[in-house]
Amino acid sequence: MAALKIALSVIFVIVCLIVSVIVLLQEGKSSGLSSTISGAGETFWSKNKGRTLEGKLEKSTKWLVIGFFVLALVLNIL
């Protein structure tokens, strides 16, 4: 049981570092009045955002954070 906890702790630390780096790589969101007026929300880039690097960073952030919480819960139970 101790080996499992150590392995999960190492994976947890690696996931924490990766999430930190991915969050820092993402661009800031400008959802203010200027983007609403200019119609930036309905551009070609916003419709195909999943194919861009920014879209991939968002998806990977989502899945890594889910893994982070699952690992945190499992480590608390152990």
# chains A, B, ... in the order shown; residues from 1 in each chain; ligands from 1
>>> residues_around(residues="region 19-28 of chain A", least_positions_apart="6", cutoff="7 Å", atoms="only C-alpha atoms", output="list in words")
Glu54, Leu57, Thr61 and Leu64 of chain A
>>> write_last_selection(atoms="all heavy atoms", output="short mmCIF file (atom, residue, chain, number, x, y, z; two decimals), in the first residue's frame")
data_model
loop_
_atom_site.label_atom_id
_atom_site.label_comp_id
_atom_site.auth_asym_id
_atom_site.auth_seq_id
_atom_site.Cartn_x
_atom_site.Cartn_y
_atom_site.Cartn_z
N GLU A 54 -4.41 27.13 -28.69
CA GLU A 54 -5.14 27.61 -27.51
C GLU A 54 -6.28 26.65 -27.14
O GLU A 54 -6.51 26.37 -25.97
CB GLU A 54 -5.71 29.01 -27.78
CG GLU A 54 -6.40 29.64 -26.60
CD GLU A 54 -5.44 30.01 -25.49
OE1 GLU A 54 -4.25 30.16 -25.75
OE2 GLU A 54 -5.91 30.12 -24.34
N LEU A 57 -4.78 23.62 -25.51
CA LEU A 57 -4.35 23.93 -24.15
C LEU A 57 -5.54 23.93 -23.19
O LEU A 57 -5.44 23.45 -22.07
CB LEU A 57 -3.63 25.27 -24.10
CG LEU A 57 -2.22 25.31 -24.67
CD1 LEU A 57 -1.69 26.74 -24.68
CD2 LEU A 57 -1.29 24.41 -23.89
N THR A 61 -6.01 21.33 -20.17
CA THR A 61 -6.16 21.87 -18.82
C THR A 61 -7.36 21.24 -18.14
O THR A 61 -7.28 20.83 -16.97
CB THR A 61 -6.33 23.40 -18.86
OG1 THR A 61 -5.20 23.97 -19.50
CG2 THR A 61 -6.46 23.97 -17.47
N LEU A 64 -6.56 17.56 -17.26
CA LEU A 64 -5.54 17.44 -16.21
C LEU A 64 -6.08 17.88 -14.85
O LEU A 64 -5.72 17.31 -13.82
CB LEU A 64 -4.30 18.24 -16.58
CG LEU A 64 -3.40 17.59 -17.63
CD1 LEU A 64 -2.35 18.57 -18.12
CD2 LEU A 64 -2.75 16.36 -17.07
#
>>> atom_distance(atom1="CA of Ala7 (chain A)", atom2="CA of Lys56 (chain A)")
27.5 Å
>>> atom_distance(atom1="CA of Cys16 (chain A)", atom2="CA of Thr52 (chain A)")
23.5 Å
>>> closest_residue(among="A:Ile6, A:Leu17, A:Arg51, A:Phe12", to="Phe69 (chain A)", atoms="only C-alpha atoms")
A:Phe12
>>> residues_around(residues="Ile11 (chain A)", least_positions_apart="6", cutoff="12 Å", atoms="only C-alpha atoms", output="PyMOL selection string")
chain A and resi 4-5+17-18+64+67-68+70-72+74-75
>>> write_last_selection(atoms="C-alpha atoms", output="PDB file, in the first residue's frame")
ATOM      1  CA  LEU A   4       0.999   2.719  -4.323  1.00  0.00           C
ATOM      2  CA  LYS A   5       0.759   5.901  -2.257  1.00  0.00           C
ATOM      3  CA  LEU A  17       3.555  20.946 -12.459  1.00  0.00           C
ATOM      4  CA  ILE A  18       2.050  20.272 -15.884  1.00  0.00           C
ATOM      5  CA  LEU A  64      -5.539  17.442 -16.209  1.00  0.00           C
ATOM      6  CA  GLY A  67      -7.147  14.089 -12.973  1.00  0.00           C
ATOM      7  CA  PHE A  68      -5.736  16.388 -10.300  1.00  0.00           C
ATOM      8  CA  VAL A  70      -9.346  12.506  -8.717  1.00  0.00           C
ATOM      9  CA  LEU A  71      -5.768  11.934  -7.554  1.00  0.00           C
ATOM     10  CA  ALA A  72      -6.287  14.300  -4.618  1.00  0.00           C
ATOM     11  CA  VAL A  74      -7.658   8.999  -3.904  1.00  0.00           C
ATOM     12  CA  LEU A  75      -4.623  10.165  -1.942  1.00  0.00           C
TER      13      LEU A  75
END
